[in-house]
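A quick write-up on the structure given underneath.
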Amino acid sequence: MAELGFEVVGVDTDPKKIEQLAAGVLPFHEPGLPELLRKHTTSGRLRFTTSYAEIGPWADIHFIAVGTPQKAGDHAADMTYVDMAVETLASHISRDCVIVGKSTVPVGSARRLSDLIRNTVAGDNTVSLLWNPEFLREGFAVQDTLQPDRLVVGGDDAQAIDLLKEVYGLPLASGTPFISTDLETAELVKAAANAFLATKISFINAFSEVTEHVGGDIRVLADAIGLDNRIGRRFLNAGVGFGGGCLPKDIRALQARVSELGLDRTMRFLTEVDEINLRRRDRVVHLAKEILHDLQGRKIAVLGVAFKPNSDDVRDSPALDVAAQLYNAGADVSVFDPEAMNNARLRFPRLTYSTSAAEALKDSTLTILLTEWEEFRTLDPSAVGETVESKSIIDGRNVLDPIRWQTEGWRFESLGRKS
Ligand code: UGA
């Protein structure tokens, strides 16, 4: 927002995070963002605070961007943080303004929050709530924010919508489509987008199970169906499946919400989507057992722990899950990831955390690639082969060239091809 030309104050309840941000230090990995943060903390257009009292009387627009994680022991989304942020903000507002929700929420939340705002804001201040779901991808957050492929807004206050259009003036001027709708549709657009992406990945991974069984090549299958424009090739990369802080919890929250509405069967297919996805992790563990017979005490190198490349996020990471399963089965697991080591160590300290891919691979009896960072895609099988105890590799993301590895004497396994 500062880059788009606005004066911005970022609010968080965590003083440590705010201190770091104010000092121009980003508390997570996101390409391109540290540069923007430094640029605008220096230009003075971007400040940080823990104080709602500071922003309540100040801002024209408030964006609510707090998380909606999965509830502990339940599939539903935990709305505690959104509710708390909206209520606290509303109690500090002392002027006309617009609140814009960006968090991914169960359908119906925005209307409930509108009531909460109306009942909380003091005096006769006019405060409208719009819902403007966020579609950015981790690793491409800057690009997706400055040049989004669409903007969706729910709400019926025309003046508030015009104000939001001003905020997005630059992307709109460069042709970004703007879809204006009701609150419920806006909430559902986000849920539907992530459910579709998750389904697309599990669809191709279900075919992986078939090609593995009968003999066939899932990458060729994906390329061939992807050439049909109606299907498209993106999000058809078969492998160890989806993870992260969004797709897994969003498909569960959608099912939970729709069941709550009495539509029990409607989203039931997403249970299958979830199960296919989790079975891919088991498949990697199964392949490791097939190769090593007994995992007890065997040294396995795991390349990647982030849920995807260009991120340090290990939330629901397939890679970290597989590494943990192998460890729990008795293997001595050495992991390396260019960015996610600290986060992984916090979640699963018992793995061996190497300082490089080479260190992880040294004397290993099996190598498993689980996050397709560029440095792993370009590994040289000949050089790597010198340091391992046994030349066996599982390509959990289908990004390596099997012929190249096999020519160098490696046993090569991947997902979606008969071993
Ligand atoms: C996802 C959506 O893509 C964003 O549009 C959305 O805004 C975001 O969630 C959110 O709700 O906040 P993100 O979680 O950053 O973004 O990651 P994706 O790029 O969607 O990847 C998700 C997972 O799917 C990763 O684990 C990735 O490795 C996996 N994946 C992706 C595959 O297994 N195969 C593919 O073909 C593509």
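Within each chain, counting starts at residue 1; across the structure tokens, chains are named A, B, ... in the order shown, with ligands numbered 1 upward in that order.
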
>> What's around range 336-341 of chain A at 12 Å? Count only C-alpha atoms, leave out sequence neighbours fewer than 2 positions away in its own chain, and write the answer as a VMD selection string.
In response: chain A and resid 28 to 31 139 300 to 315 317 319 to 320 323 333 to 334 343 to 349 351 to 362 367 to 376

>> If the limit is 8 Å from any atom of ligand 1, counting only C-alpha atoms and all ligand atoms, which residues qualify? Return them as a VMD selection string.
In response: chain A and resid 104 134 to 140 190 193 to 194 197 to 198 200 to 201 234 to 247 250 307 to 309 317 to 318 371 397

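When DSSP reads the backbone of this structure, the residues of range 180-417 of chain A it assigns to strand (DSSP E) are Ser180, Thr181, Lys299, Ile300, Ala301, Val302, Leu303, Asp332, Val333, Ser334, Val335, Phe336, Thr352, Tyr353, Leu366, Thr367, Ile368, Leu369, Ser392, Ile393, Ile394, Asp395, Arg411, Phe412, Glu413 and Ser414 of chain A.
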
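Minimum atom-to-atom distances from A:Leu46, A:Val258, A:Leu172, A:Val9 to Gly24 in chain A were compared using only C-alpha atoms, and the lowest value belongs to A:Leu46.
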
>> Can you measure CA of Gly330 in chain A to CA of Lys299 in chain A for me? One decimal in Å is fine.
In response: 9.7 Å

>> Which residues are close to Leu113 in chain A, i.e. within 9 Å by only C-alpha atoms, leaving aside same-chain residues fewer than 5 positions away? Reply as a PyMOL selection string.
In response: chain A and resi 83+86-87+108+118+129

>> Just want the 12 Å neighbourhood of Leu254 in chain A, counted on only C-alpha atoms, with same-chain residues fewer than 3 positions away dropped. Output as an MDAnalysis selection string.
In response: chainID A and resid 70 75:77 104:108 187:196 246:251 257:261 263:264 266:271

Using only C-alpha atoms, find each residue in range 139-257 of chain A having at least one atom no more than 12 Å away from range 61-66 of chain A; report its shortest atom-to-atom pair and that distance in Å (one decimal), rows by chain then rising number, as CSV.
residue,atom,partner,partner_atom,distance
A:Ala160,CA,A:Ile61,CA,9.1
A:Ile161,CA,A:Ile61,CA,11.0
A:Asp162,CA,A:Ile61,CA,11.8
A:Leu163,CA,A:Ile61,CA,8.4
A:Leu164,CA,A:Ile61,CA,8.2
A:Lys165,CA,A:Ile61,CA,11.8
A:Glu166,CA,A:Ile61,CA,11.1
A:Val167,CA,A:Ile61,CA,9.2

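The residue set within 10 Å of Ser392 in chain A, counting only C-alpha atoms and dropping same-chain residues fewer than 4 places from it, reads Ala288, Ile291, Leu292, Ile300, Ser364, Thr365, Leu366, Thr367, Ile368, Gly385, Val388, Trp405, Gln406, Gly409, Trp410, Arg411, Phe412 and Glu413 of chain A.
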
Output C-alpha atoms of each residue in that selection to a file, as a tab-separated table (two decimals), in the first residue's frame.
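Below is the file that was written, again.tsv:
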chain	number	residue	atom	x	y	z
A	288	ALA	CA	11.63	-45.18	1.24
A	291	ILE	CA	14.22	-48.96	-1.17
A	292	LEU	CA	15.83	-49.38	2.27
A	300	ILE	CA	18.17	-40.30	4.89
A	364	SER	CA	23.24	-40.88	3.20
A	365	THR	CA	21.68	-44.13	2.04
A	366	LEU	CA	18.70	-42.37	0.45
A	367	THR	CA	18.05	-38.84	-0.82
A	368	ILE	CA	14.51	-37.46	-0.99
A	385	GLY	CA	27.04	-39.32	-6.06
A	388	VAL	CA	26.57	-40.51	-0.56
A	405	TRP	CA	20.34	-39.53	-12.68
A	406	GLN	CA	20.06	-43.12	-13.84
A	409	GLY	CA	24.17	-44.89	-11.56
A	410	TRP	CA	21.35	-43.73	-9.31
A	411	ARG	CA	18.27	-45.72	-8.45
A	412	PHE	CA	15.62	-43.14	-9.29
A	413	GLU	CA	12.05	-43.17	-7.98

Between range 337-401 of chain A and range 218-227 of chain A, at 12 Å or less, what are the per-residue closest atom pairs and their distances in Å? Count only C-alpha atoms, order by chain and rising residue number, and return it as CSV.
residue,atom,partner,partner_atom,distance
A:Arg397,CA,A:Arg219,CA,10.5
A:Asn398,CA,A:Arg219,CA,7.7
A:Val399,CA,A:Arg219,CA,9.7
A:Leu400,CA,A:Arg219,CA,11.6
A:Asp401,CA,A:Arg219,CA,11.6

Given the selection you just returned, output its residues as a file containing C-alpha atoms, formatted as a short mmCIF file (atom, residue, chain, number, x, y, z; two decimals), in the first residue's frame.
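Written out: part-v1.cif:
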data_model
loop_
_atom_site.label_atom_id
_atom_site.label_comp_id
_atom_site.auth_asym_id
_atom_site.auth_seq_id
_atom_site.Cartn_x
_atom_site.Cartn_y
_atom_site.Cartn_z
CA ARG A 397 8.20 -33.14 -6.86
CA ASN A 398 8.89 -34.60 -10.32
CA VAL A 399 11.45 -31.95 -11.17
CA LEU A 400 14.59 -34.00 -11.84
CA ASP A 401 15.55 -35.72 -15.09
#

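Here CA of Val284 in chain A stands at a distance of 8.6 Å from CA of Ser414 in chain A.
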
>> Could you tell me how far CA of Asp124 in chain A sits from CA of Asp12 in chain A, in Å to one decimal place?
In response: 27.2 Å

>> Quick check for you: according to DSSP on this backbone, which residues of range 206-404 of chain A are classed as alpha helix (DSSP H)? Reply as a VMD selection string.
In response: chain A and resid 206 to 214 218 to 226 247 to 260 269 to 292 318 to 328 341 to 347 357 to 361 374 to 377 381 to 385 402 to 404

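Between Leu295 in chain A and the candidates A:Phe178, A:Asp321, A:Glu184, A:Leu326, the tightest atom-to-atom separation, counting only C-alpha atoms, involves A:Leu326.
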
> For Leu415 in chain A, which residue out of A:Phe207, A:Trp131, A:Tyr327, A:Phe6 is the nearest one, using only C-alpha atoms?
Replying inline: A:Phe207
